[in-house]
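The block underneath contains the structure these notes are about, expressed in structure tokens.
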Amino acid sequence: MALGDCWKQLSWIYYQYLLVTALYMLEPWERTVFNSLLVSVAAMAVYTGYVFMPQHIMAILHYFEVVQ
Amino acid sequence: MTESPATKPVDGEACERVKNGLKPERNGLVRSLHRCHERQYKHHSLADEEEVHTASHYGSLYTQPFLESFEETPMLVAVLTYMGYGILTIFGYLRDFLRHWKIERCYIAREKEEQRDFVPLYQDFENFYTRNLYMRIRDNWNRPICSVPGAKMDLMERMSNDYNWTFEYTGRVVQEVINMGSYNYLGFAENTGPCADSVAKVTAEYGVGVASTRQETGNLDKHEEMEKLVAQFLGMESAMAFGMGFATNSMNIPALVGKGCLILSDELNHASLVLGARLSGSTIRVFKHNNMQSLEKLLREAIVHGQPRTHRPWKKILIVVEGIYSMEGSIVRLPEVIALKKRYRAYLYLDEAHSIGALGPRGRGVVDYFGLDPCDVDVLMGTFTKSFGAAGGYIAGKRELIEFLRSHSHSAVYATSMSPPVVEQIITSMKCIMGEDGTTIGRERVTQLAENTVYFRRRLRELGFIIYGNNDSPVVPLMLYMPAKIGAFGREMLKRNIGVVVVGFPATPIIESRARFCISAAHTTDMLDRALSVISEVGDLLQLKYSRHRKRPLAARPFDDSVYEDIDD
């Protein structure tokens, strides 16, 4: 089953993430705290990128004198 | 261009000028001990961070290649390890905060209410580390064994409901766990066979307790017989045995050196040697691990400058080294140490705790491994715990030295003498190794251990793990680095029925945590193959194959046209 293989692969990648960040040793509630912090910081970064991307692209094009 | 005495060749031959004075050799060898007309050693094609050195060019000093390597930590792995420890530290502070404000119940030792304004006892880093890092993976240590710790053992299964603060036994026993952690180098930890039978006989005859110290009424004829045998085994004039290996070092070094003497000890010496050196009151100077350049520099400075304020010559200079360093798996460069000791008139104390019985073609230790004369070493110390399956330690040397120790050592005067069954185990196993019991079991075990060691190390290297140490040492440290992998490795190996010892911070530097395998002559090739396949599987699961020098394994079948048939294009 391709879905089963995909799930196994994702599970393995999550396990590697737990090992590298040492979350493997922490209790479940500590993992939740860390994961929520990480996800919220990443979400804020993506949202900021989304909001400011047009302005940044216009500024770059203006610098290289592609548009006035 | 300075030409210091150290760069002049030893036997006065003319040689090419050395640039910039004394140039240190890459792996700590001393130029002054070489004959200058011999060629430089060739670097192998391996990368620069490894210290590989074949000594066949050095003629009189080494008779066989001395291959040691300590591959450097990959940069990414080091950064991720520090990041992991950083996250654990932050969560450690969070938990300590919760415990302090009573939001969470505290299970560990803490000061009482009345001691609030006193100097805090539990705030230093070691206690922080124990509370917040060690406790989380504590189930990998102190596992109770309920059988003889031979090549296979039984463990009591235990579980924890509150994250390792307390343990409960489920009542089940994990059977036939392959034992890769016991110091059972020659396989004498067994409950059947000639050793066990003679020990049972001696227990029936002498009992178990001695109820006295050696000096009073605790000196049995068995002790005398054992000490004569130990001296004969090592090739020294006489020997003396003590009840505990740790106590042998810590109680006898103070008897040998005192104030006004200098101890030059290796960076990675065992805690017993460090404790003995500190208790003695002598000045201690530390040289870099197995680095003869550093040792020679310290010796020269000591002889030139003398004692710190008065500049009087030192009463004694004692070089303290170990045969095999159990955390690194490295073997001491004994020929060079002995050459240095003779040149600068120092004394040598060699601690052969792990190497006696485990190295050398006849099993006589590191002196036998290098083919040297045991009388060159002034004080030979060793333990019976590792290769002989007993307990205790010994010191061997000249007759006058041992007679002096009999009356001046704390251990001889105050400690209870060794128990008769243990003494008999030492006598029987030593006779077996020497071949005096009429069989070739001892000799076979020594060769089996050497073969197992070389095979195991070669296969682990081929699989791509980072292994520290000398190719001939039966202690094999496998690097893990990351803190979560310490716990994960121990648990995954136990799930697959292999018991290993994992080592972390206080015993090793903080990022260099490792798993330490001890090869035994009792391991058959099947057991080693099973262990290797499991280690490879766990290594893939945990991504432990960090080495950059993965050699492709030798082809299993001879090369012919059919080798490429099953590979798709």
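Chain labels follow the order of the structure tokens: the first chain is A, the next B, and so on; residue numbering restarts at 1 in every chain, and ligands are counted from 1 in their shown order.
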
- prompt: Could you write out, as JSON, numbers by chain, all the residues of region 56-272 of chain B that DSSP marks as helix (DSSP H, G or I)?
  reply: {"B": [56, 57, 58, 75, 76, 77, 78, 79, 80, 81, 82, 83, 84, 85, 86, 87, 88, 89, 90, 91, 92, 93, 94, 95, 96, 97, 98, 99, 100, 113, 114, 115, 125, 126, 127, 128, 129, 130, 131, 132, 133, 134, 135, 136, 137, 138, 139, 140, 194, 195, 196, 197, 198, 199, 200, 201, 202, 203, 204, 205, 206, 221, 222, 223, 224, 225, 226, 227, 228, 229, 230, 231, 232, 233, 234, 245, 246, 247, 248, 249, 250, 251, 252, 253, 254, 255, 256, 271, 272]}

task: Restrict the distance test to only C-alpha atoms, flag each residue of chain A within 9 Å of chain B, and return the flagged residues as a PyMOL selection string.
output: chain A and resi 12+15-16+18-27+30

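The space separating CA of Met251 (chain B) from CA of Tyr394 (chain B) comes to 11.9 Å.
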
Selection near region 298-308 of chain B, 12 Å with only C-alpha atoms, sequence-local residues under 3 positions removed, as a PyMOL selection string: chain B and resi 5-6+259-266+282-288+291-295+311-319+337+340-347

field: All residues 8 Å or closer to Ser473 (chain B), only C-alpha atoms, same chain fewer than 3 positions away omitted, as number ranges by chain
entry: B: 324, 329-331, 359, 453, 469-470, 476

field: Straight-line distance linking CA of Asn127 (chain B) with CA of Val500 (chain B), stated in Å to one decimal
entry: 25.5 Å

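Take the candidates B:Arg172, B:Arg138, B:Arg105, B:Arg457 and check each one against Glu157 (chain B) using only C-alpha atoms; the shortest distance goes to B:Arg172.
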
- request: Based on DSSP run over this structure's backbone, return all residues of region 107-329 of chain B in strand (DSSP E or B), as a ChimeraX atom specification.
  value: /B:145,152-159,168-179,213,238-242,262-266,283-287,317-322,324-325
